[in-house]
Amino acid sequence: MTETMTIALLGQPNSGKSTFYNALTGSHQHVGNWPGKTVEKNTGIFKCKDNTYTVTDLPGTYSLAANSEEEIVTREYIAGGEADLVCILADASQLERSLFMLEDFAGIRVPAVLLLNMLDVAESSGKIIDVPAIEKSLGIPVLPFVAADKKYYGAFYKLLERRDMKNWILDSNSLSEMYKSEFGEIYDNVLNTLPRDGIAVYENSWIFAKLAENDMAAEAMTETAVGRERFASIKKDIEKINNGASHTGNCKFKWIDEFISDCVSNVNSKGSTDELGKFDRLAVSKRGGKWLAAGIILLGLMVSMVFAAPLMYLGSILPLLADPVSKWLLDIGTAPMLVSLLCDGIWTAFSFTVMMCSFVFGTTFVFGFLEEIGYMARISYVFDGTMRRLGLHGKAVMPFLVSFGCNIAGATGARVLDTWGQRMAAISMSWVVPCGSTWGVVGLVASVFFGPWAAVVVFLLFAVSVLHLQLTAKIFGKRFLSESDRTGLIMELPPYHKARWGSLIVSSLGKMVSAFKRAIHIVTIVLVIMWVLSYTSDGNLSGSILYRIGSVIEPVTMWFGLRWQTFIAWLASMMGKEGALGIIAAVFNDSNVLHSVAMQKVVTVDSVSIGESLSAALTKPEALAFIFAFYFNMPCLMTMSATAHETHSLKWTLLVAGYYIIVSIILAAVAYHIGCLIF
Amino acid sequence: MKKLNEVKSGKSGTILSVDGRVDFQRRITAVGVTPGSRFSVVRNEAKYPVLLKIRSTLLAVDRSDCAEIAVEVTEND
């Protein structure tokens with residue numbers, strides 16, 4: 001008999017949930033969004049003995065409170081009854097804390113099992129867990145588990161075949177007793193006013209706890225269920241409670257403590273030490289911490305370029321195919337214009353996007369690695385103060401660091417943040433961080449024009465970046481970061497562990513592919529427009545629409561210190577920063593623009609000849625204006641599409657982009673006019 | 001009675017109460033900081049979040065938020 005069943009995975013961050021999810025579903029995964037929410041929805045499918053199982057990977061949260069969208073999504077999903085079974089994962093090596101999720105679940109009448117993950121780690125530290133005793137006290141099946149080890153999956157599959165699943169309801173009696181003794185009369189009063197059988201899947205003790213925690217969603221639900229009058233009387237009782245969340249939390253942990261002392265014994269009685277390890281003493285130290293972090297980040301960025309190299313190479317040889325193909329197409333009599341559109345426009349868009357994706361892969365992989373081994377949390381700790389000055393906290397450092405490699409991956413890196421406001425603010429501020437390609441162009445142009453003084457230019461760029469960052473924080477900070485978004489850092493520094501290379505590669509590739517899919521359309525459209533503007537039958541740029549537009553607008557763009565060529569290069573840099581060099585090479589050499597965009601990686605646009613044609617055509621102030629306009633321009637189209645995807649707000653993404661564009665032009669004007677005074 | 005941000009590195013004690021905004025209370029509770037629980041401060045440096053070990057977890061908590069947490073420090077520890 002074929003059956004389909006839906007399983008939800010619930011667990012705190014670092015509980016091994018993603019490892020479990022990836023191992024279960026393999027490549028049969030779908031990434032979407034929770035309807036109306038900015039939270040990613042991961043679903044996958046696996047088959048076992050003719051039965052098909054759908055797995056929903058719920059967002060990793062510490063509790064079921066309604067603090068963030070993630071938690072609201074999680075709760076609504078569980079309460080919605082879509083899942084036939086909820087698998088709660090707890091880290092057996094940190095049972096005390098990770099059982100909190102289980103306790104927050106107690107009182108929800110949805111079938112559940114408990115997976116004691118990372119049992120191997122717990123056992124090696126001397127913990128002995130009495131599984132039958134746990135099962136008895138919880139009333140649900142409990143499975144000792146190691147998500148990274150396939151050996152343990154057989155027992156899990158077997159569990160799914162059992163027929164008594166409906167009865168696997170987590171026992172909440174002992175927890176309700178705790179509430180009763182903690183809150184006394186208030187608890188009794190509220191429970192007497194609530195409907196006898198609870199509301200929907202929620203038992204009364206659960207509802208009480210959430211009301212005591214000032215949970216707005218639970219309040220709304222209760223009010224609808226009992227009517228306004230009875231709710232007012234409940235509310236009156238609840239208001240007598242001070243610091244409710246702390247008290248209910250206390251009850252939950254008391255229960256956990258009792259539970260652990262009953263079911264877990266520690267052979268290694270000296271327990272874990274409170275001392276930091278040798279490496280951590282340096283990693284979080286006041287003096288060395290930041291330097292160590294900076295060193296590791298720099299190394300990471302270099303390594304990420306190595307990882308990006310194979311794809312980057314592929315992206316750079318793809319344009320080479322354009323020549324023979326276009327020759328062949330012309331030979332069989334295709335119209336030259338069509339050949340040019342295909343080979344110079346569309347093919348360029350494709351190879352360009354492939355090349356840019358290589359950066360996404362490299363940086364996501366390296367920073368994913370730092371995250372997974374646990375070092376990223378240390379970086380967040382040492383840079384918390386820096387981030388706080390921008391209205392954010394330490395975790396927000398991730399998108400900024402990743403952006404030094406690639407802004408596209410930086411936007412994705414903001415997922416570590418808790419709220420939409422924090423993500424939106426962090427991404428829009430991280431746009432000012434120059435990616436690897438930006439440096440390539442800035443370095444070349446600055447050294448051609450300013451020689452050893454290029455270092456001063458770079459310093460100036462950095463200094464202005466800091467001001468820019470503060471301006472962005474000022475303009476958008478208030479919009480994005482409401483009072484409730486301005487939370488301080490509360491972060492676990494997980495113990496270091498080994499990286500799981502397989503899942504790391506799979507997830508980096510996944511992010512790269514989705515970035516590619518999102519961007520390819522928009523890059524193609526823009527390149528086709530560029531092609532139309534720059535197309536001439538004889539390949540001579542001076543006959544193109546672009547040239548005509550360029551010469552008409554030059555009097556205006558010169559006000560910002562941009563000649564029409566550098567203006568076009570600046571425009572093109574919105575498509576991709578590395579594109580600017582190719583454009584410069586083309587417009588100054590009067591050759592085919594788009595072909596040069598793609599070819600620049602192969603011939604590396606012979607920097608000497610670019611340098612010569614540049615220094616002949618531009619003055620120093622004009623070069624300075626271009627450097628500023630280029631550096632502070634919005635990152636690139638792919639970053640924009642990634643940002644819109646991550647924040648689900650095209651409106652704000654476009655507004656931020658507009659802001660960057662305008663500011664870059666203004667900064668160019670300032671740089672140009674100051675430059676005119678100096679040189 | 002002290003506030004958590006006043007406890008020196010290396011000292012340990014017991015959490016007495018958690019005040020402050022409701023969402024802060026909920027978040028700090030979920031990671032194990034509740035009245036009655038034992039903790040030790042691993043690092044406490046000016047301008048850095050407080051690093052503490054609680055329920056066998058190493059936790060970083062914002063300094064100003066730590067002022068909402070009242071603790072009892074165990075002497076001679």
# chains A, B, ... in the order shown; residues from 1 in each chain; ligands from 1
>>> select_by_dssp(residues="segment 13-69 of chain B", states="alpha helix (DSSP H)", output="list of chain:residue names")
B:Val22, B:Asp23, B:Phe24, B:Gln25, B:Arg26, B:Arg27, B:Ile28, B:Thr29, B:Ala30, B:Arg63, B:Ser64, B:Asp65, B:Cys66
>>> write_last_selection(atoms="C-alpha atoms", output="PDB file, in the first residue's frame")
ATOM      1  CA  VAL B  22       9.267  41.138  27.097  1.00  0.00           C
ATOM      2  CA  ASP B  23      10.927  40.046  23.879  1.00  0.00           C
ATOM      3  CA  PHE B  24      14.318  40.237  25.556  1.00  0.00           C
ATOM      4  CA  GLN B  25      13.005  38.087  28.405  1.00  0.00           C
ATOM      5  CA  ARG B  26      11.645  35.524  26.002  1.00  0.00           C
ATOM      6  CA  ARG B  27      14.843  35.362  23.983  1.00  0.00           C
ATOM      7  CA  ILE B  28      17.189  35.178  26.936  1.00  0.00           C
ATOM      8  CA  THR B  29      15.003  32.544  28.593  1.00  0.00           C
ATOM      9  CA  ALA B  30      15.049  30.362  25.515  1.00  0.00           C
ATOM     10  CA  ARG B  63      26.405  44.432  27.836  1.00  0.00           C
ATOM     11  CA  SER B  64      23.476  46.787  28.245  1.00  0.00           C
ATOM     12  CA  ASP B  65      21.054  43.853  28.253  1.00  0.00           C
ATOM     13  CA  CYS B  66      23.127  42.243  30.993  1.00  0.00           C
TER      14      CYS B  66
END
>>> interface_residues(of="chain B", to="chain A", cutoff="10 Å", atoms="only C-alpha atoms", output="mmCIF file with N, CA, C and O atoms, in the first residue's frame")
data_model
loop_
_atom_site.group_PDB
_atom_site.id
_atom_site.type_symbol
_atom_site.label_atom_id
_atom_site.label_comp_id
_atom_site.auth_asym_id
_atom_site.auth_seq_id
_atom_site.Cartn_x
_atom_site.Cartn_y
_atom_site.Cartn_z
ATOM 1 N N GLY B 10 35.805 35.091 35.388
ATOM 2 C CA GLY B 10 36.236 34.025 36.282
ATOM 3 C C GLY B 10 35.324 33.789 37.466
ATOM 4 O O GLY B 10 35.409 32.769 38.136
ATOM 5 N N SER B 12 31.668 33.117 39.414
ATOM 6 C CA SER B 12 30.430 32.428 39.072
ATOM 7 C C SER B 12 29.353 32.756 40.088
ATOM 8 O O SER B 12 29.628 33.387 41.109
ATOM 9 N N SER B 17 17.094 37.306 38.873
ATOM 10 C CA SER B 17 15.901 37.700 38.120
ATOM 11 C C SER B 17 16.281 38.267 36.767
ATOM 12 O O SER B 17 17.408 38.702 36.554
ATOM 13 N N VAL B 18 15.324 38.233 35.860
ATOM 14 C CA VAL B 18 15.521 38.794 34.526
ATOM 15 C C VAL B 18 14.450 39.848 34.281
ATOM 16 O O VAL B 18 13.265 39.551 34.325
ATOM 17 N N ASP B 19 14.849 41.076 34.077
ATOM 18 C CA ASP B 19 13.889 42.147 33.791
ATOM 19 C C ASP B 19 14.002 42.573 32.330
ATOM 20 O O ASP B 19 14.585 41.886 31.521
ATOM 21 N N GLY B 20 13.466 43.760 32.054
ATOM 22 C CA GLY B 20 13.613 44.288 30.697
ATOM 23 C C GLY B 20 12.430 43.963 29.804
ATOM 24 O O GLY B 20 11.412 43.444 30.262
ATOM 25 N N ARG B 21 12.582 44.309 28.537
ATOM 26 C CA ARG B 21 11.488 44.137 27.586
ATOM 27 C C ARG B 21 11.073 42.680 27.455
ATOM 28 O O ARG B 21 11.901 41.785 27.588
ATOM 29 N N VAL B 22 9.794 42.497 27.167
ATOM 30 C CA VAL B 22 9.267 41.138 27.097
ATOM 31 C C VAL B 22 10.012 40.293 26.069
ATOM 32 O O VAL B 22 10.364 39.152 26.331
ATOM 33 N N ASP B 23 10.284 40.876 24.899
ATOM 34 C CA ASP B 23 10.927 40.046 23.879
ATOM 35 C C ASP B 23 12.348 39.689 24.284
ATOM 36 O O ASP B 23 12.844 38.615 23.967
ATOM 37 N N PHE B 24 12.994 40.573 25.025
ATOM 38 C CA PHE B 24 14.318 40.237 25.556
ATOM 39 C C PHE B 24 14.190 39.072 26.544
ATOM 40 O O PHE B 24 14.951 38.106 26.483
ATOM 41 N N GLN B 25 13.211 39.162 27.430
ATOM 42 C CA GLN B 25 13.005 38.087 28.405
ATOM 43 C C GLN B 25 12.781 36.749 27.719
ATOM 44 O O GLN B 25 13.338 35.730 28.118
ATOM 45 N N ARG B 26 11.939 36.783 26.687
ATOM 46 C CA ARG B 26 11.645 35.524 26.002
ATOM 47 C C ARG B 26 12.891 34.957 25.334
ATOM 48 O O ARG B 26 13.163 33.764 25.393
ATOM 49 N N ARG B 27 13.678 35.861 24.705
ATOM 50 C CA ARG B 27 14.843 35.362 23.983
ATOM 51 C C ARG B 27 15.929 34.857 24.930
ATOM 52 O O ARG B 27 16.567 33.846 24.674
ATOM 53 N N ILE B 28 16.116 35.574 26.018
ATOM 54 C CA ILE B 28 17.189 35.178 26.936
ATOM 55 C C ILE B 28 16.787 33.908 27.701
ATOM 56 O O ILE B 28 17.623 33.084 28.042
ATOM 57 N N THR B 29 15.474 33.753 27.922
ATOM 58 C CA THR B 29 15.003 32.544 28.593
ATOM 59 C C THR B 29 15.215 31.323 27.715
ATOM 60 O O THR B 29 15.640 30.272 28.173
ATOM 61 N N ALA B 30 14.950 31.495 26.433
ATOM 62 C CA ALA B 30 15.049 30.362 25.515
ATOM 63 C C ALA B 30 16.463 29.806 25.415
ATOM 64 O O ALA B 30 16.651 28.643 25.080
ATOM 65 N N VAL B 31 17.468 30.635 25.703
ATOM 66 C CA VAL B 31 18.830 30.104 25.661
ATOM 67 C C VAL B 31 19.324 29.689 27.041
ATOM 68 O O VAL B 31 20.488 29.365 27.211
ATOM 69 N N GLY B 32 18.413 29.693 28.008
ATOM 70 C CA GLY B 32 18.754 29.058 29.281
ATOM 71 C C GLY B 32 19.052 29.976 30.441
ATOM 72 O O GLY B 32 19.419 29.513 31.513
ATOM 73 N N VAL B 33 18.910 31.287 30.258
ATOM 74 C CA VAL B 33 19.167 32.199 31.378
ATOM 75 C C VAL B 33 17.866 32.414 32.147
ATOM 76 O O VAL B 33 17.013 33.193 31.732
ATOM 77 N N THR B 34 17.692 31.671 33.230
ATOM 78 C CA THR B 34 16.472 31.790 34.036
ATOM 79 C C THR B 34 16.849 31.908 35.501
ATOM 80 O O THR B 34 17.937 31.483 35.899
ATOM 81 N N PRO B 35 15.949 32.482 36.319
ATOM 82 C CA PRO B 35 16.243 32.604 37.741
ATOM 83 C C PRO B 35 16.602 31.247 38.334
ATOM 84 O O PRO B 35 15.979 30.246 37.995
ATOM 85 N N GLY B 36 17.614 31.238 39.157
ATOM 86 C CA GLY B 36 18.005 29.991 39.810
ATOM 87 C C GLY B 36 19.115 29.243 39.104
ATOM 88 O O GLY B 36 19.722 28.352 39.679
ATOM 89 N N SER B 37 19.373 29.594 37.841
ATOM 90 C CA SER B 37 20.394 28.806 37.151
ATOM 91 C C SER B 37 21.798 29.313 37.478
ATOM 92 O O SER B 37 22.027 30.492 37.684
ATOM 93 N N PHE B 39 25.760 30.056 36.762
ATOM 94 C CA PHE B 39 26.520 30.511 35.596
ATOM 95 C C PHE B 39 27.935 30.830 36.034
ATOM 96 O O PHE B 39 28.212 30.974 37.228
ATOM 97 N N SER B 40 28.829 30.945 35.050
ATOM 98 C CA SER B 40 30.119 31.551 35.373
ATOM 99 C C SER B 40 30.478 32.509 34.244
ATOM 100 O O SER B 40 30.192 32.232 33.076
ATOM 101 N N VAL B 41 31.065 33.635 34.606
ATOM 102 C CA VAL B 41 31.439 34.614 33.588
ATOM 103 C C VAL B 41 32.823 34.254 33.057
ATOM 104 O O VAL B 41 33.780 34.127 33.816
ATOM 105 N N VAL B 42 32.905 34.040 31.769
ATOM 106 C CA VAL B 42 34.155 33.612 31.150
ATOM 107 C C VAL B 42 34.994 34.826 30.757
ATOM 108 O O VAL B 42 36.194 34.859 30.942
ATOM 109 N N ARG B 43 34.341 35.806 30.173
ATOM 110 C CA ARG B 43 35.030 37.036 29.769
ATOM 111 C C ARG B 43 34.103 38.204 30.036
ATOM 112 O O ARG B 43 32.936 38.147 29.673
ATOM 113 N N ASN B 44 34.618 39.231 30.623
ATOM 114 C CA ASN B 44 33.826 40.452 30.767
ATOM 115 C C ASN B 44 34.738 41.646 30.559
ATOM 116 O O ASN B 44 35.425 42.086 31.467
ATOM 117 N N GLU B 45 34.779 42.140 29.333
ATOM 118 C CA GLU B 45 35.645 43.265 28.991
ATOM 119 C C GLU B 45 34.781 44.438 28.544
ATOM 120 O O GLU B 45 33.753 44.238 27.901
ATOM 121 N N ALA B 46 35.233 45.637 28.878
ATOM 122 C CA ALA B 46 34.495 46.821 28.466
ATOM 123 C C ALA B 46 34.285 46.819 26.954
ATOM 124 O O ALA B 46 35.157 46.395 26.199
ATOM 125 N N LYS B 47 33.139 47.297 26.510
ATOM 126 C CA LYS B 47 32.796 47.432 25.083
ATOM 127 C C LYS B 47 32.567 46.104 24.370
ATOM 128 O O LYS B 47 32.313 46.077 23.174
ATOM 129 N N TYR B 48 32.708 44.979 25.065
ATOM 130 C CA TYR B 48 32.427 43.689 24.443
ATOM 131 C C TYR B 48 31.217 43.059 25.124
ATOM 132 O O TYR B 48 30.951 43.343 26.289
ATOM 133 N N PRO B 49 30.475 42.205 24.422
ATOM 134 C CA PRO B 49 29.392 41.488 25.090
ATOM 135 C C PRO B 49 29.966 40.624 26.208
ATOM 136 O O PRO B 49 31.147 40.265 26.166
ATOM 137 N N VAL B 50 29.154 40.314 27.192
ATOM 138 C CA VAL B 50 29.607 39.456 28.281
ATOM 139 C C VAL B 50 29.557 38.003 27.804
ATOM 140 O O VAL B 50 28.581 37.567 27.201
ATOM 141 N N LEU B 51 30.654 37.277 28.046
ATOM 142 C CA LEU B 51 30.689 35.850 27.695
ATOM 143 C C LEU B 51 30.447 35.049 28.951
ATOM 144 O O LEU B 51 31.186 35.203 29.927
ATOM 145 N N LEU B 52 29.409 34.224 28.926
ATOM 146 C CA LEU B 52 29.189 33.411 30.109
ATOM 147 C C LEU B 52 28.884 31.976 29.757
ATOM 148 O O LEU B 52 28.456 31.675 28.642
ATOM 149 N N LYS B 53 29.174 31.109 30.708
ATOM 150 C CA LYS B 53 28.876 29.703 30.514
ATOM 151 C C LYS B 53 27.671 29.402 31.380
ATOM 152 O O LYS B 53 27.673 29.657 32.582
ATOM 153 N N ILE B 54 26.612 28.904 30.756
ATOM 154 C CA ILE B 54 25.404 28.593 31.497
ATOM 155 C C ILE B 54 24.739 27.383 30.866
ATOM 156 O O ILE B 54 24.675 27.282 29.650
ATOM 157 N N ARG B 55 24.327 26.443 31.672
ATOM 158 C CA ARG B 55 23.734 25.192 31.168
ATOM 159 C C ARG B 55 24.618 24.583 30.085
ATOM 160 O O ARG B 55 24.157 24.252 29.000
ATOM 161 N N SER B 56 25.876 24.483 30.391
ATOM 162 C CA SER B 56 26.914 23.929 29.502
ATOM 163 C C SER B 56 26.933 24.547 28.107
ATOM 164 O O SER B 56 27.331 23.935 27.133
ATOM 165 N N THR B 57 26.468 25.798 28.015
ATOM 166 C CA THR B 57 26.525 26.522 26.747
ATOM 167 C C THR B 57 27.334 27.793 26.939
ATOM 168 O O THR B 57 27.203 28.458 27.961
ATOM 169 N N LEU B 58 28.163 28.100 25.948
ATOM 170 C CA LEU B 58 28.904 29.355 25.969
ATOM 171 C C LEU B 58 28.061 30.407 25.262
ATOM 172 O O LEU B 58 27.670 30.244 24.114
ATOM 173 N N LEU B 59 27.755 31.493 25.978
ATOM 174 C CA LEU B 59 26.787 32.454 25.481
ATOM 175 C C LEU B 59 27.377 33.866 25.501
ATOM 176 O O LEU B 59 28.071 34.245 26.427
ATOM 177 N N ALA B 60 27.119 34.627 24.431
ATOM 178 C CA ALA B 60 27.504 36.038 24.423
ATOM 179 C C ALA B 60 26.240 36.869 24.549
ATOM 180 O O ALA B 60 25.294 36.677 23.798
ATOM 181 N N VAL B 61 26.208 37.777 25.528
ATOM 182 C CA VAL B 61 25.026 38.612 25.745
ATOM 183 C C VAL B 61 25.445 40.080 25.782
ATOM 184 O O VAL B 61 26.432 40.436 26.433
ATOM 185 N N ASP B 62 24.697 40.885 25.066
ATOM 186 C CA ASP B 62 24.948 42.324 24.992
ATOM 187 C C ASP B 62 25.118 42.945 26.387
ATOM 188 O O ASP B 62 24.376 42.622 27.307
ATOM 189 N N ARG B 63 26.106 43.836 26.525
ATOM 190 C CA ARG B 63 26.405 44.432 27.836
ATOM 191 C C ARG B 63 25.209 45.141 28.453
ATOM 192 O O ARG B 63 24.910 44.976 29.627
ATOM 193 N N SER B 64 24.544 45.991 27.648
ATOM 194 C CA SER B 64 23.476 46.787 28.245
ATOM 195 C C SER B 64 22.303 45.885 28.623
ATOM 196 O O SER B 64 21.590 46.154 29.594
ATOM 197 N N ASP B 65 22.107 44.793 27.875
ATOM 198 C CA ASP B 65 21.054 43.853 28.253
ATOM 199 C C ASP B 65 21.395 43.147 29.553
ATOM 200 O O ASP B 65 20.508 42.800 30.345
ATOM 201 N N CYS B 66 22.701 42.932 29.773
ATOM 202 C CA CYS B 66 23.127 42.243 30.993
ATOM 203 C C CYS B 66 22.758 43.039 32.242
ATOM 204 O O CYS B 66 22.627 42.488 33.333
#
>>> residues_around(residues="Ala70 of chain B", least_positions_apart="6", cutoff="8 Å", atoms="only C-alpha atoms", output="list in words")
Met1, Lys2, Lys3, Leu4, Ile15, Leu16, Ser17 and Val18 of chain B
>>> residues_around(residues="Thr74 of chain B", least_positions_apart="4", cutoff="8 Å", atoms="only C-alpha atoms", output="compact mmCIF listing (two decimals) with N, CA and C atoms, in the first residue's frame")
# COMPACT_ATOMS: atom_id res chain seq x y z
N LYS B 11 34.42 34.75 37.74
CA LYS B 11 33.51 34.58 38.88
C LYS B 11 32.28 33.79 38.45
N SER B 12 31.67 33.12 39.41
CA SER B 12 30.43 32.43 39.07
C SER B 12 29.35 32.76 40.09
N GLY B 13 28.15 32.34 39.78
CA GLY B 13 27.05 32.68 40.67
C GLY B 13 25.73 32.12 40.21
N THR B 14 24.65 32.73 40.69
CA THR B 14 23.30 32.26 40.39
C THR B 14 22.49 33.44 39.86
>>> select_by_dssp(residues="segment 79-292 of chain A", states="strand (DSSP E)", output="ChimeraX atom specification")
/A:85-91,112-117,127-129,142-144,264-266
>>> atom_distance(atom1="atom CA of Phe231 of chain A", atom2="atom CA of Glu69 of chain A")
25.2 Å
>>> residues_around(residues="Tyr202 of chain A", least_positions_apart="3", cutoff="7 Å", atoms="only C-alpha atoms", output="list in words")
Gly107, Ile108, Arg109, Gly198, Ile199, Trp206 and Ile207 of chain A
>>> atom_distance(atom1="atom CA of Asp344 of chain A", atom2="atom CA of Ile661 of chain A")
26.8 Å
>>> atom_distance(atom1="atom CA of Met424 of chain A", atom2="atom CA of Val73 of chain A")
19.1 Å
>>> closest_residue(among="A:Glu103, A:Lys158, A:Trp652, A:Ala148", to="Met178 of chain A", atoms="only C-alpha atoms")
A:Glu103
>>> closest_residue(among="A:Leu677, A:Leu102, A:Ile234, A:Val458", to="Leu444 of chain A", atoms="only C-alpha atoms")
A:Val458
>>> residues_around(residues="Ala409 of chain A", least_positions_apart="6", cutoff="9 Å", atoms="only C-alpha atoms", output="ChimeraX atom specification")
/A:359-361,363-364,399,402-403,511-512,515,639,642
>>> write_last_selection(atoms="all heavy atoms", output="tab-separated table (two decimals), in the first residue's frame")
chain	number	residue	atom	x	y	z
A	359	PHE	N	31.95	33.46	-8.11
A	359	PHE	CA	32.24	34.18	-6.86
A	359	PHE	C	31.25	33.79	-5.77
A	359	PHE	O	31.60	33.64	-4.61
A	359	PHE	CB	32.15	35.70	-7.07
A	359	PHE	CG	33.22	36.24	-7.96
A	359	PHE	CD1	32.93	36.69	-9.23
A	359	PHE	CD2	34.53	36.29	-7.53
A	359	PHE	CE1	33.91	37.18	-10.05
A	359	PHE	CE2	35.53	36.78	-8.35
A	359	PHE	CZ	35.22	37.23	-9.62
A	360	VAL	N	29.98	33.66	-6.18
A	360	VAL	CA	28.96	33.26	-5.21
A	360	VAL	C	29.35	31.93	-4.59
A	360	VAL	O	29.33	31.77	-3.37
A	360	VAL	CB	27.57	33.14	-5.88
A	360	VAL	CG1	26.53	32.69	-4.87
A	360	VAL	CG2	27.17	34.46	-6.50
A	361	PHE	N	29.75	30.99	-5.43
A	361	PHE	CA	30.11	29.67	-4.92
A	361	PHE	C	31.31	29.76	-3.97
A	361	PHE	O	31.26	29.27	-2.85
A	361	PHE	CB	30.42	28.71	-6.08
A	361	PHE	CG	30.92	27.38	-5.61
A	361	PHE	CD1	30.05	26.48	-5.04
A	361	PHE	CD2	32.26	27.04	-5.72
A	361	PHE	CE1	30.50	25.25	-4.58
A	361	PHE	CE2	32.72	25.82	-5.26
A	361	PHE	CZ	31.83	24.93	-4.70
A	363	THR	N	32.71	32.26	-2.23
A	363	THR	CA	32.53	32.94	-0.95
A	363	THR	C	31.53	32.22	-0.05
A	363	THR	O	31.76	32.10	1.14
A	363	THR	CB	32.10	34.40	-1.14
A	363	THR	OG1	31.19	34.46	-2.21
A	363	THR	CG2	33.27	35.28	-1.45
A	364	THR	N	30.43	31.72	-0.64
A	364	THR	CA	29.47	31.00	0.20
A	364	THR	C	30.13	29.78	0.83
A	364	THR	O	29.89	29.46	1.98
A	364	THR	CB	28.26	30.49	-0.61
A	364	THR	OG1	28.02	31.37	-1.69
A	364	THR	CG2	27.03	30.39	0.22
A	399	PRO	N	27.06	39.40	6.51
A	399	PRO	CA	26.91	39.95	5.16
A	399	PRO	C	28.01	40.93	4.77
A	399	PRO	O	28.41	40.97	3.60
A	399	PRO	CB	25.55	40.65	5.19
A	399	PRO	CG	25.13	40.70	6.60
A	399	PRO	CD	25.84	39.61	7.32
A	402	VAL	N	31.25	38.77	3.92
A	402	VAL	CA	31.08	38.00	2.69
A	402	VAL	C	31.14	38.94	1.49
A	402	VAL	O	31.66	38.59	0.44
A	402	VAL	CB	29.75	37.22	2.72
A	402	VAL	CG1	29.53	36.48	1.42
A	402	VAL	CG2	29.74	36.25	3.88
A	403	SER	N	30.63	40.17	1.67
A	403	SER	CA	30.58	41.11	0.56
A	403	SER	C	31.97	41.50	0.05
A	403	SER	O	32.11	41.91	-1.10
A	403	SER	CB	29.82	42.38	0.97
A	403	SER	OG	28.46	42.07	1.12
A	511	LYS	N	23.03	27.44	-3.59
A	511	LYS	CA	22.90	28.90	-3.56
A	511	LYS	C	23.38	29.51	-4.87
A	511	LYS	O	22.82	30.48	-5.36
A	511	LYS	CB	23.70	29.47	-2.40
A	511	LYS	CG	22.91	29.38	-1.11
A	511	LYS	CD	23.61	30.06	0.03
A	511	LYS	CE	22.82	29.83	1.31
A	511	LYS	NZ	23.66	29.77	2.48
A	512	MET	N	24.43	28.91	-5.43
A	512	MET	CA	24.95	29.43	-6.68
A	512	MET	C	23.94	29.24	-7.80
A	512	MET	O	23.66	30.17	-8.56
A	512	MET	CB	26.25	28.70	-7.03
A	512	MET	CG	26.89	29.21	-8.28
A	512	MET	SD	28.26	28.17	-8.77
A	512	MET	CE	27.40	26.82	-9.53
A	515	ALA	N	21.12	31.65	-7.46
A	515	ALA	CA	21.53	33.00	-7.86
A	515	ALA	C	21.58	33.10	-9.39
A	515	ALA	O	21.17	34.10	-9.97
A	515	ALA	CB	22.91	33.32	-7.28
A	639	THR	N	23.32	41.24	-7.40
A	639	THR	CA	23.17	41.56	-5.99
A	639	THR	C	21.78	42.12	-5.74
A	639	THR	O	21.12	41.80	-4.75
A	639	THR	CB	24.22	42.60	-5.55
A	639	THR	OG1	25.50	42.11	-5.87
A	639	THR	CG2	24.13	42.85	-4.06
A	642	ALA	N	19.35	39.35	-5.78
A	642	ALA	CA	19.50	38.56	-4.55
A	642	ALA	C	18.89	39.29	-3.36
A	642	ALA	O	18.23	38.70	-2.51
A	642	ALA	CB	20.97	38.27	-4.28
>>> closest_residue(among="A:Cys435, A:Lys478, A:Ile505, A:Ala92", to="Gly126 of chain A", atoms="only C-alpha atoms")
A:Ala92
>>> closest_residue(among="A:Lys290, A:Arg228, A:His497, A:Lys395", to="Phe369 of chain A", atoms="only C-alpha atoms")
A:His497
